[in-house]
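Engineer: After the structure tokens below, expect a handful of questions from me.
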Amino acid sequence: MGPAVTLSTHADGLDELFAYVGAQMDRSIERLGEYLSRPSISVTGEGIAETAAHLAGWLTELGFDAVVHETPGHPVVVARRDGPPGRPTVLLYGHYDVQPPEPLDAWTTPPFEPTIRNGRIYARGAGDNKGQHFAQLLAIETHLAVHGELPCGVVMVLDGEEEVGSPNLDAFVADHRDELDDVDLVVTADGPMADGDRARLILGCRGVLAFEIRIRGARRDLHSGNFGGAAPQPAWELVQLLATMRAADGRITIDGGVGGRSPLVDDADLAAIDAGGTTEAALRDVLGVERLEGPHDRSVAQRLACWPTLTINGVHSGWTGPGSKTVLPDEAWAICDIRLVPGQVGSDVFEHVRRHVADRCPHAEVTNLTAMEPSRTPVDSPWTPLVRGALAAAHGYEPDLVPIVGGSLPEHTWTGTLGKHAFITPYANADEANHAPDENLDLGCFAAGIRTGVALLAALGQHAAASAAD
């Protein structure tokens, strides 16, 4: 691959490209609004096919070979445009599906009627993830408009199922590996920037295992007076079972060492996580709470990144309407997730969960709902200085280097299945409100995202030139 490109190299030749980005911003914001007005909700399927076709059409107009690939779920859009001979090829990943907009009455303006207020555009998908991969597409357009060609090869992969865990992406990439194996690195623009909208380069993320625990009792709901004290009580059994899986201070107590720190995170990583992560005071302020859960012998930044967590997403049983109904429910169930850290495998962790439950409540049913594996790219990857330099050129300062973050993306598809180094470069503001009402994207962050994409493609071209000179 040749030597890594220094930060100063990225600034070379960018003035004209950045000037074009600035001159086009009003039109770019208008076009972003049009894109955001298209619903593409993966949970319901609304607008998915239409949005995939729209993206493929746009990429075709840009000179890409674009294909909408059907999967057992929603389509994956894959588009390729080769660069000059001998230049690297970057795979840019994003997802065109969005979360459901409910509750609708909590939005200030309708979720699919993009509205600009105070320098931000408000709409479902603004930050997660339409606005971010749209910035990547505009970066491609910028190079083509200014120079008439791309400085490197580009493959776009736009997923239609990320918001439901990308259940078909990994198998799709495995089936099409021969077509993607020439990719040199993968860059995902997703997630929020650091506090204060500071740029960061992320090299890994936790995975997630989702599972259901269900306990059944009598064949029907019972009268709590006539049968309470003798009939099985699934709700109590469930509560007591869940209490064996996590201690009051937040430590996971599932048998088999499920709760240990990532074995792939060393002391240098911990220092970087603490340096670039949030503080307890800052997080309490963001959340509007006076307390945070523990364990308090670990920094909050480390708890959010390199330790697994167990979350009860929902508990369901019996009467939940107004007033009282003296019912003894016939079943109870909980949906839970475990955030997996690098070094863990979803199927192995699920087997520990299954055994833990079987030992304590043999009649409970445990179902593996979905799993997304964790991912990690080495800090000393030869591509790290190049991607970090692109962020520096776009923002005017060196971004934070973050070994791993707590959220989950299908990065393991790139680092595991495809075997490439993968990087996450968030373009959205820290308070983007993704998955929530009034999701938004700061327009200054949007512009910086386009510049970052422009600088990344330029740097890859310069990297090839430096390698050839050697």
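To be explicit about the labels: the chains of the structure tokens are called A, B, and onward in the order shown, and within each one the residues are counted from 1, while ligands get numbers from 1 in the order they are shown.
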Write out as a PyMOL selection string all residues of range 310-455 of chain A that DSSP puts in strand (DSSP E) for this structure's backbone.
Structural biologist: chain A and resi 310-317+327-328+331-340+365-372+375-376+400-402+421-424+440-442
Engineer: Please provide as a list in words all residues within 8 Å of Ala455 in chain A, with the sequence filter that same-chain residues fewer than 3 positions apart are discarded (counting only C-alpha atoms).
Structural biologist: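 My reading of the contact set: His10, Ala11, Leu14, Ala390, Leu391, Ala393, Ala394, Arg451, Thr452, Ala458 and Ala459 of chain A.
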Engineer: DSSP on the backbone: what in range 327-426 of chain A comes out helix (DSSP H, G or I), as a ChimeraX atom specification?
Structural biologist: /A:346-360,384-395,412-417
Engineer: Go ahead and save the picked residues with N, CA, C and O atoms, as a short mmCIF file (atom, residue, chain, number, x, y, z; two decimals), in the first residue's frame.
Structural biologist:
```cif
data_model
loop_
_atom_site.label_atom_id
_atom_site.label_comp_id
_atom_site.auth_asym_id
_atom_site.auth_seq_id
_atom_site.Cartn_x
_atom_site.Cartn_y
_atom_site.Cartn_z
N GLY A 346 -21.80 -13.41 18.87
CA GLY A 346 -23.20 -13.39 19.26
C GLY A 346 -23.75 -14.76 19.59
O GLY A 346 -24.46 -14.93 20.59
N SER A 347 -23.45 -15.77 18.78
CA SER A 347 -23.99 -17.11 19.02
C SER A 347 -23.44 -17.71 20.31
O SER A 347 -24.16 -18.42 21.03
N ASP A 348 -22.18 -17.43 20.62
CA ASP A 348 -21.60 -17.93 21.87
C ASP A 348 -22.26 -17.29 23.08
O ASP A 348 -22.58 -17.96 24.07
N VAL A 349 -22.46 -15.98 23.01
CA VAL A 349 -23.09 -15.27 24.13
C VAL A 349 -24.53 -15.75 24.31
O VAL A 349 -24.99 -15.95 25.44
N PHE A 350 -25.24 -15.96 23.21
CA PHE A 350 -26.61 -16.46 23.33
C PHE A 350 -26.63 -17.83 24.00
O PHE A 350 -27.53 -18.11 24.82
N GLU A 351 -25.67 -18.68 23.70
CA GLU A 351 -25.64 -20.00 24.34
C GLU A 351 -25.43 -19.87 25.84
O GLU A 351 -26.04 -20.62 26.63
N HIS A 352 -24.62 -18.91 26.28
CA HIS A 352 -24.47 -18.66 27.72
C HIS A 352 -25.79 -18.19 28.33
O HIS A 352 -26.16 -18.60 29.44
N VAL A 353 -26.50 -17.32 27.62
CA VAL A 353 -27.80 -16.86 28.10
C VAL A 353 -28.76 -18.05 28.22
O VAL A 353 -29.46 -18.21 29.23
N ARG A 354 -28.80 -18.86 27.19
CA ARG A 354 -29.71 -20.01 27.19
C ARG A 354 -29.44 -20.94 28.36
O ARG A 354 -30.36 -21.39 29.06
N ARG A 355 -28.17 -21.23 28.60
CA ARG A 355 -27.82 -22.13 29.70
C ARG A 355 -28.14 -21.51 31.05
O ARG A 355 -28.61 -22.19 31.97
N HIS A 356 -27.86 -20.22 31.19
CA HIS A 356 -28.15 -19.52 32.44
C HIS A 356 -29.65 -19.61 32.76
O HIS A 356 -30.03 -19.91 33.90
N VAL A 357 -30.48 -19.37 31.76
CA VAL A 357 -31.92 -19.43 31.97
C VAL A 357 -32.36 -20.86 32.26
O VAL A 357 -33.17 -21.11 33.17
N ALA A 358 -31.83 -21.84 31.51
CA ALA A 358 -32.23 -23.23 31.70
C ALA A 358 -31.90 -23.73 33.09
O ALA A 358 -32.65 -24.52 33.69
N ASP A 359 -30.78 -23.27 33.65
CA ASP A 359 -30.38 -23.71 34.99
C ASP A 359 -31.30 -23.16 36.07
O ASP A 359 -31.42 -23.77 37.15
N ARG A 360 -31.92 -22.03 35.83
CA ARG A 360 -32.70 -21.36 36.86
C ARG A 360 -34.21 -21.45 36.63
O ARG A 360 -34.98 -21.35 37.58
N THR A 384 -5.30 4.61 8.53
CA THR A 384 -5.76 5.52 9.59
C THR A 384 -5.29 6.95 9.37
O THR A 384 -6.10 7.89 9.45
N PRO A 385 -3.99 7.21 9.11
CA PRO A 385 -3.58 8.61 8.91
C PRO A 385 -4.28 9.27 7.73
O PRO A 385 -4.58 10.46 7.76
N LEU A 386 -4.56 8.50 6.68
CA LEU A 386 -5.20 9.07 5.50
C LEU A 386 -6.62 9.53 5.82
O LEU A 386 -7.01 10.65 5.50
N VAL A 387 -7.41 8.67 6.46
CA VAL A 387 -8.79 9.03 6.77
C VAL A 387 -8.82 10.15 7.81
O VAL A 387 -9.62 11.09 7.70
N ARG A 388 -7.92 10.06 8.77
CA ARG A 388 -7.87 11.12 9.79
C ARG A 388 -7.47 12.45 9.16
O ARG A 388 -7.99 13.51 9.52
N GLY A 389 -6.57 12.39 8.17
CA GLY A 389 -6.16 13.61 7.48
C GLY A 389 -7.28 14.24 6.68
O GLY A 389 -7.38 15.47 6.58
N ALA A 390 -8.16 13.42 6.10
CA ALA A 390 -9.31 13.97 5.38
C ALA A 390 -10.22 14.73 6.32
O ALA A 390 -10.71 15.82 6.00
N LEU A 391 -10.45 14.18 7.50
CA LEU A 391 -11.26 14.89 8.50
C LEU A 391 -10.59 16.18 8.93
O LEU A 391 -11.25 17.22 9.10
N ALA A 392 -9.27 16.14 9.10
CA ALA A 392 -8.53 17.34 9.51
C ALA A 392 -8.63 18.43 8.45
O ALA A 392 -8.81 19.62 8.76
N ALA A 393 -8.51 18.04 7.17
CA ALA A 393 -8.59 19.02 6.10
C ALA A 393 -9.97 19.67 6.04
O ALA A 393 -10.09 20.86 5.76
N ALA A 394 -11.00 18.90 6.30
CA ALA A 394 -12.37 19.42 6.21
C ALA A 394 -12.73 20.30 7.39
O ALA A 394 -13.52 21.24 7.26
N HIS A 395 -12.20 19.98 8.58
CA HIS A 395 -12.61 20.68 9.80
C HIS A 395 -11.58 21.71 10.28
O HIS A 395 -11.93 22.56 11.10
N HIS A 412 -18.84 -5.34 11.16
CA HIS A 412 -18.21 -6.66 11.11
C HIS A 412 -18.34 -7.27 9.71
O HIS A 412 -17.50 -8.10 9.31
N THR A 413 -19.34 -6.87 8.97
CA THR A 413 -19.46 -7.33 7.58
C THR A 413 -18.20 -6.95 6.79
O THR A 413 -17.71 -7.73 5.96
N TRP A 414 -17.65 -5.77 7.09
CA TRP A 414 -16.46 -5.31 6.35
C TRP A 414 -15.18 -5.85 6.96
O TRP A 414 -14.28 -6.28 6.22
N THR A 415 -15.06 -5.83 8.28
CA THR A 415 -13.82 -6.28 8.91
C THR A 415 -13.73 -7.79 9.02
O THR A 415 -12.64 -8.36 8.95
N GLY A 416 -14.89 -8.45 9.18
CA GLY A 416 -14.90 -9.90 9.34
C GLY A 416 -15.14 -10.64 8.04
O GLY A 416 -14.28 -11.33 7.52
N THR A 417 -16.32 -10.44 7.46
CA THR A 417 -16.69 -11.17 6.24
C THR A 417 -15.85 -10.76 5.04
O THR A 417 -15.35 -11.62 4.31
#
```
Engineer: If you measure from CA of Asp255 in chain A to CA of Ala334 in chain A, what distance in Å do you get, rounded to one decimal?
Structural biologist: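 CA of Asp255 in chain A sits 19.0 Å away from CA of Ala334 in chain A.
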Engineer: List as a list of chain:residue names the protein and nucleic acid residues near range 367-378 of chain A, meaning an atom at most 7 Å away when only C-alpha atoms are counted, but skip any in the same chain fewer than 5 places from it.
Structural biologist: A:Gly165, A:Leu203, A:Gly204, A:Cys205, A:Arg206, A:Gly207, A:Val208, A:Leu209, A:Ala210, A:Phe211, A:Glu212, A:Ile213, A:Leu340, A:Val341, A:Pro342, A:Val345, A:Gly346, A:Phe350, A:Pro410, A:Glu411, A:His412, A:Thr415, A:His421, A:Ala422
Engineer: Could you check which of A:Glu365, A:Leu287, A:Trp307, A:Ser224 is closest to Pro329 in chain A, using only C-alpha atoms?
Structural biologist: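 Between A:Glu365, A:Leu287, A:Trp307, A:Ser224, the residue approaching Pro329 in chain A most closely is A:Ser224.
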Engineer: Which residues, written as an MDAnalysis selection string, have at least one atom at most 10 Å from Leu62 in chain A, with only C-alpha atoms counted and residues fewer than 6 positions away on the same chain left out?
Structural biologist: chainID A and resid 56 81 137 140:141 144
Engineer: Using only N, CA, C and O atoms, please write the residues we just selected to a file, as a CSV table (one decimal), in the first residue's frame.
Structural biologist:
```
chain,number,residue,atom,x,y,z
A,56,ALA,N,-30.4,4.4,-7.2
A,56,ALA,CA,-29.7,3.7,-8.3
A,56,ALA,C,-29.8,4.6,-9.6
A,56,ALA,O,-28.8,4.7,-10.3
A,81,ARG,N,-17.9,2.8,-9.6
A,81,ARG,CA,-17.2,3.6,-10.7
A,81,ARG,C,-15.7,3.5,-10.4
A,81,ARG,O,-15.2,3.9,-9.4
A,137,LEU,N,-22.4,11.3,-1.4
A,137,LEU,CA,-22.8,11.4,-2.8
A,137,LEU,C,-22.5,12.8,-3.4
A,137,LEU,O,-22.0,12.9,-4.6
A,140,ILE,N,-18.8,13.0,-4.2
A,140,ILE,CA,-18.5,12.4,-5.5
A,140,ILE,C,-18.9,13.4,-6.7
A,140,ILE,O,-18.1,13.6,-7.6
A,141,GLU,N,-20.1,14.0,-6.6
A,141,GLU,CA,-20.5,14.9,-7.6
A,141,GLU,C,-19.5,16.1,-7.7
A,141,GLU,O,-19.2,16.6,-8.8
A,144,LEU,N,-16.5,15.1,-9.8
A,144,LEU,CA,-16.9,15.0,-11.2
A,144,LEU,C,-17.2,16.4,-11.8
A,144,LEU,O,-16.8,16.6,-13.0
```
